[in-house]
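Notes follow once the structure below has been shown.
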Amino acid sequence: MSFIIYFAILMILPLWAQSKVKSTYKKYSKITTSSRMSGAEVARKILDDNGLFNVSVEEVKGSLTDHYDPRKKVVRLSTHNYHQASQAGAAVAAHEVGHAIQDAQEYAFLKFRSALVPIAGFGSNISIFLIIGGLLLDMQGLLLFGIIFFAAAVLFQLVTLPVEFDASNRAMTQLISTGIIKNDEEKSTKKVLNAAAMTYVASALVALAELLRFVFMFIGMNQD
């Protein structure tokens, strides 16, 4: 039973989350908002309303490649979201601006996540080699170092959750207060934001499940 649960978390959950966000985005990217504002216009309005005139809005190639770059103070929106006026595009644009607002207000979890980036990146790259080496060579110390580095990457995933949920909450508040969406559009906007959030939840659960598996391996090695 435990293997089935582990397999479901590791394989099925991420696939379900990706499918959910793609289907939800596809559905609401075809529905125009009552304000008829493109994603770029939505982002610019919310930024200006919050006094973030120093943050620019740029187009980036790809689908669902939208993100906020805190180093260059840029909200980047994928081509469709940048140009088209849709409920999905407005939700995504507002969400990314939510990160810009977090940055401007020095939101604690965002600062913490930014501080974790170097060690999390290094940990995710090197940990698997240390873990495999520790298991193959039967070296507990090497395995433990791998687990510690992997734990840093998992911590990054967990800290990402409050950052993303807070950005979505800010997005809803801004979209409603600015009149970009009306009452009957709030439900669909929440669906887009919630579907996107599920991908982060799935990633965090997978990473946590993997960490626990490695910890159990280490415990088992000590018992032999």
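Here, A, B, ... name the chains of the structure tokens in the order displayed, residue numbers run from 1 inside each chain, and ligands are numbered from 1 in the same displayed order.
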
| message | Give me, as a PyMOL selection string, all polymer residues having an atom no more than 10 Å from Ala104 (chain A), counting only C-alpha atoms and skipping those fewer than 5 positions away in the same chain. | response | chain A and resi 50-52+55+70+73+98-99

Selection file, all heavy atoms, as an mmCIF file, in the first residue's frame:
```cif
data_model
loop_
_atom_site.group_PDB
_atom_site.id
_atom_site.type_symbol
_atom_site.label_atom_id
_atom_site.label_comp_id
_atom_site.auth_asym_id
_atom_site.auth_seq_id
_atom_site.Cartn_x
_atom_site.Cartn_y
_atom_site.Cartn_z
ATOM 1 N N ASN A 50 -0.117 50.706 -7.893
ATOM 2 C CA ASN A 50 0.643 50.432 -6.677
ATOM 3 C C ASN A 50 1.960 51.208 -6.626
ATOM 4 O O ASN A 50 2.815 50.930 -5.790
ATOM 5 C CB ASN A 50 0.921 48.933 -6.557
ATOM 6 C CG ASN A 50 -0.309 48.147 -6.134
ATOM 7 O OD1 ASN A 50 -0.578 47.983 -4.952
ATOM 8 N ND2 ASN A 50 -1.072 47.678 -7.112
ATOM 9 N N GLY A 51 2.096 52.158 -7.548
ATOM 10 C CA GLY A 51 3.273 53.020 -7.553
ATOM 11 C C GLY A 51 4.546 52.354 -8.037
ATOM 12 O O GLY A 51 5.650 52.871 -7.813
ATOM 13 N N LEU A 52 4.408 51.219 -8.730
ATOM 14 C CA LEU A 52 5.585 50.487 -9.202
ATOM 15 C C LEU A 52 5.909 50.878 -10.644
ATOM 16 O O LEU A 52 5.906 50.044 -11.558
ATOM 17 C CB LEU A 52 5.352 48.979 -9.083
ATOM 18 C CG LEU A 52 5.081 48.470 -7.667
ATOM 19 C CD1 LEU A 52 4.864 46.967 -7.659
ATOM 20 C CD2 LEU A 52 6.221 48.848 -6.733
ATOM 21 N N VAL A 55 8.896 49.159 -12.544
ATOM 22 C CA VAL A 55 8.793 47.779 -13.028
ATOM 23 C C VAL A 55 8.215 47.789 -14.438
ATOM 24 O O VAL A 55 7.140 48.346 -14.671
ATOM 25 C CB VAL A 55 7.895 46.922 -12.110
ATOM 26 C CG1 VAL A 55 7.775 45.492 -12.653
ATOM 27 C CG2 VAL A 55 8.449 46.902 -10.686
ATOM 28 N N PRO A 70 12.905 39.554 -10.308
ATOM 29 C CA PRO A 70 13.179 40.557 -9.264
ATOM 30 C C PRO A 70 14.500 41.292 -9.452
ATOM 31 O O PRO A 70 14.665 42.397 -8.952
ATOM 32 C CB PRO A 70 13.188 39.716 -7.977
ATOM 33 C CG PRO A 70 13.588 38.345 -8.427
ATOM 34 C CD PRO A 70 12.964 38.180 -9.782
ATOM 35 N N LYS A 73 13.603 43.763 -12.294
ATOM 36 C CA LYS A 73 12.325 44.437 -12.055
ATOM 37 C C LYS A 73 11.466 44.426 -13.327
ATOM 38 O O LYS A 73 11.037 45.464 -13.838
ATOM 39 C CB LYS A 73 12.545 45.895 -11.591
ATOM 40 C CG LYS A 73 13.505 46.045 -10.426
ATOM 41 C CD LYS A 73 13.023 45.316 -9.190
ATOM 42 C CE LYS A 73 13.983 45.506 -8.027
ATOM 43 N NZ LYS A 73 13.636 44.665 -6.855
ATOM 44 N N GLY A 98 1.672 40.376 -8.656
ATOM 45 C CA GLY A 98 1.627 40.100 -7.224
ATOM 46 C C GLY A 98 3.024 39.855 -6.671
ATOM 47 O O GLY A 98 3.357 40.286 -5.557
ATOM 48 N N HIS A 99 3.860 39.182 -7.452
ATOM 49 C CA HIS A 99 5.253 38.956 -7.040
ATOM 50 C C HIS A 99 6.032 40.271 -7.011
ATOM 51 O O HIS A 99 6.891 40.473 -6.144
ATOM 52 C CB HIS A 99 5.941 37.981 -7.999
ATOM 53 C CG HIS A 99 5.476 36.568 -7.853
ATOM 54 N ND1 HIS A 99 5.448 35.917 -6.642
ATOM 55 C CD2 HIS A 99 5.020 35.672 -8.768
ATOM 56 C CE1 HIS A 99 5.003 34.670 -6.815
ATOM 57 N NE2 HIS A 99 4.739 34.509 -8.094
#
```

| said: List the spatial neighbours of Ser127 (chain A) as number ranges by chain - criterion: any atom at most 12 Å away, only C-alpha atoms, same-chain residues fewer than 2 positions off excluded. | reply: A: 119-125, 129-134, 142-154, 210-211, 214

| task | Compile the contact shell of Thr79 (chain A) as a VMD selection string: residues with an atom at most 12 Å away, counting only C-alpha atoms, same-chain residues fewer than 3 positions apart removed. | result | chain A and resid 38 to 40 57 to 66 76 82 to 85 89 93

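CA of Ile176 (chain A) is positioned 20.9 Å from CA of Lys27 (chain A).
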
| Residues near region 158-170 of chain A, cut-off 8 Å, only C-alpha atoms, skip fewer than 4 positions along chain, as number ranges by chain | A: 94-99, 102, 109-110, 112-113, 154, 174, 193, 197, 200-201, 204

Serialized selection, N, CA and C atoms, as a PDB file, in the first residue's frame:
```pdb
ATOM      1  N   ALA A  94      -1.911  39.386 -13.363  1.00  0.00           N
ATOM      2  CA  ALA A  94      -2.078  39.913 -12.007  1.00  0.00           C
ATOM      3  C   ALA A  94      -1.254  39.121 -11.003  1.00  0.00           C
ATOM      4  N   HIS A  95      -1.164  37.813 -11.220  1.00  0.00           N
ATOM      5  CA  HIS A  95      -0.371  36.964 -10.330  1.00  0.00           C
ATOM      6  C   HIS A  95       1.101  37.356 -10.373  1.00  0.00           C
ATOM      7  N   GLU A  96       1.629  37.563 -11.564  1.00  0.00           N
ATOM      8  CA  GLU A  96       3.036  37.934 -11.685  1.00  0.00           C
ATOM      9  C   GLU A  96       3.293  39.318 -11.098  1.00  0.00           C
ATOM     10  N   VAL A  97       2.333  40.218 -11.260  1.00  0.00           N
ATOM     11  CA  VAL A  97       2.463  41.535 -10.636  1.00  0.00           C
ATOM     12  C   VAL A  97       2.413  41.388  -9.118  1.00  0.00           C
ATOM     13  N   GLY A  98       1.672  40.376  -8.656  1.00  0.00           N
ATOM     14  CA  GLY A  98       1.627  40.100  -7.224  1.00  0.00           C
ATOM     15  C   GLY A  98       3.024  39.855  -6.671  1.00  0.00           C
ATOM     16  N   HIS A  99       3.860  39.182  -7.452  1.00  0.00           N
ATOM     17  CA  HIS A  99       5.253  38.956  -7.040  1.00  0.00           C
ATOM     18  C   HIS A  99       6.032  40.271  -7.011  1.00  0.00           C
ATOM     19  N   GLN A 102       5.103  41.948  -3.881  1.00  0.00           N
ATOM     20  CA  GLN A 102       5.812  41.286  -2.781  1.00  0.00           C
ATOM     21  C   GLN A 102       7.240  41.801  -2.676  1.00  0.00           C
ATOM     22  N   PHE A 109       8.674  35.818   3.016  1.00  0.00           N
ATOM     23  CA  PHE A 109       8.870  34.512   2.378  1.00  0.00           C
ATOM     24  C   PHE A 109       9.561  34.647   1.028  1.00  0.00           C
ATOM     25  N   LEU A 110       9.291  35.730   0.303  1.00  0.00           N
ATOM     26  CA  LEU A 110       9.955  35.943  -0.981  1.00  0.00           C
ATOM     27  C   LEU A 110      11.446  36.199  -0.756  1.00  0.00           C
ATOM     28  N   PHE A 112      13.192  35.162   1.787  1.00  0.00           N
ATOM     29  CA  PHE A 112      13.761  33.895   2.243  1.00  0.00           C
ATOM     30  C   PHE A 112      14.000  32.962   1.056  1.00  0.00           C
ATOM     31  N   ARG A 113      13.018  32.895   0.148  1.00  0.00           N
ATOM     32  CA  ARG A 113      13.167  32.037  -1.030  1.00  0.00           C
ATOM     33  C   ARG A 113      14.323  32.503  -1.908  1.00  0.00           C
ATOM     34  N   VAL A 154      14.346  20.839  -1.196  1.00  0.00           N
ATOM     35  CA  VAL A 154      12.965  20.610  -0.760  1.00  0.00           C
ATOM     36  C   VAL A 154      12.447  21.819   0.018  1.00  0.00           C
ATOM     37  N   GLN A 174      -6.327  42.836  -6.347  1.00  0.00           N
ATOM     38  CA  GLN A 174      -6.048  43.906  -7.311  1.00  0.00           C
ATOM     39  C   GLN A 174      -7.029  43.885  -8.485  1.00  0.00           C
ATOM     40  N   LEU A 193      -6.162  30.604 -11.068  1.00  0.00           N
ATOM     41  CA  LEU A 193      -5.115  30.777 -10.058  1.00  0.00           C
ATOM     42  C   LEU A 193      -4.931  29.521  -9.213  1.00  0.00           C
ATOM     43  N   ALA A 197      -1.662  27.035  -8.856  1.00  0.00           N
ATOM     44  CA  ALA A 197      -1.095  26.775  -7.529  1.00  0.00           C
ATOM     45  C   ALA A 197      -0.895  25.287  -7.291  1.00  0.00           C
ATOM     46  N   TYR A 200       2.507  23.792  -7.989  1.00  0.00           N
ATOM     47  CA  TYR A 200       3.526  24.009  -6.944  1.00  0.00           C
ATOM     48  C   TYR A 200       3.314  23.054  -5.781  1.00  0.00           C
ATOM     49  N   VAL A 201       2.054  22.809  -5.452  1.00  0.00           N
ATOM     50  CA  VAL A 201       1.743  21.860  -4.381  1.00  0.00           C
ATOM     51  C   VAL A 201       2.219  20.461  -4.764  1.00  0.00           C
ATOM     52  N   ALA A 204       6.007  20.202  -4.570  1.00  0.00           N
ATOM     53  CA  ALA A 204       6.466  20.154  -3.178  1.00  0.00           C
ATOM     54  C   ALA A 204       6.225  18.776  -2.573  1.00  0.00           C
TER      55      ALA A 204
END
```
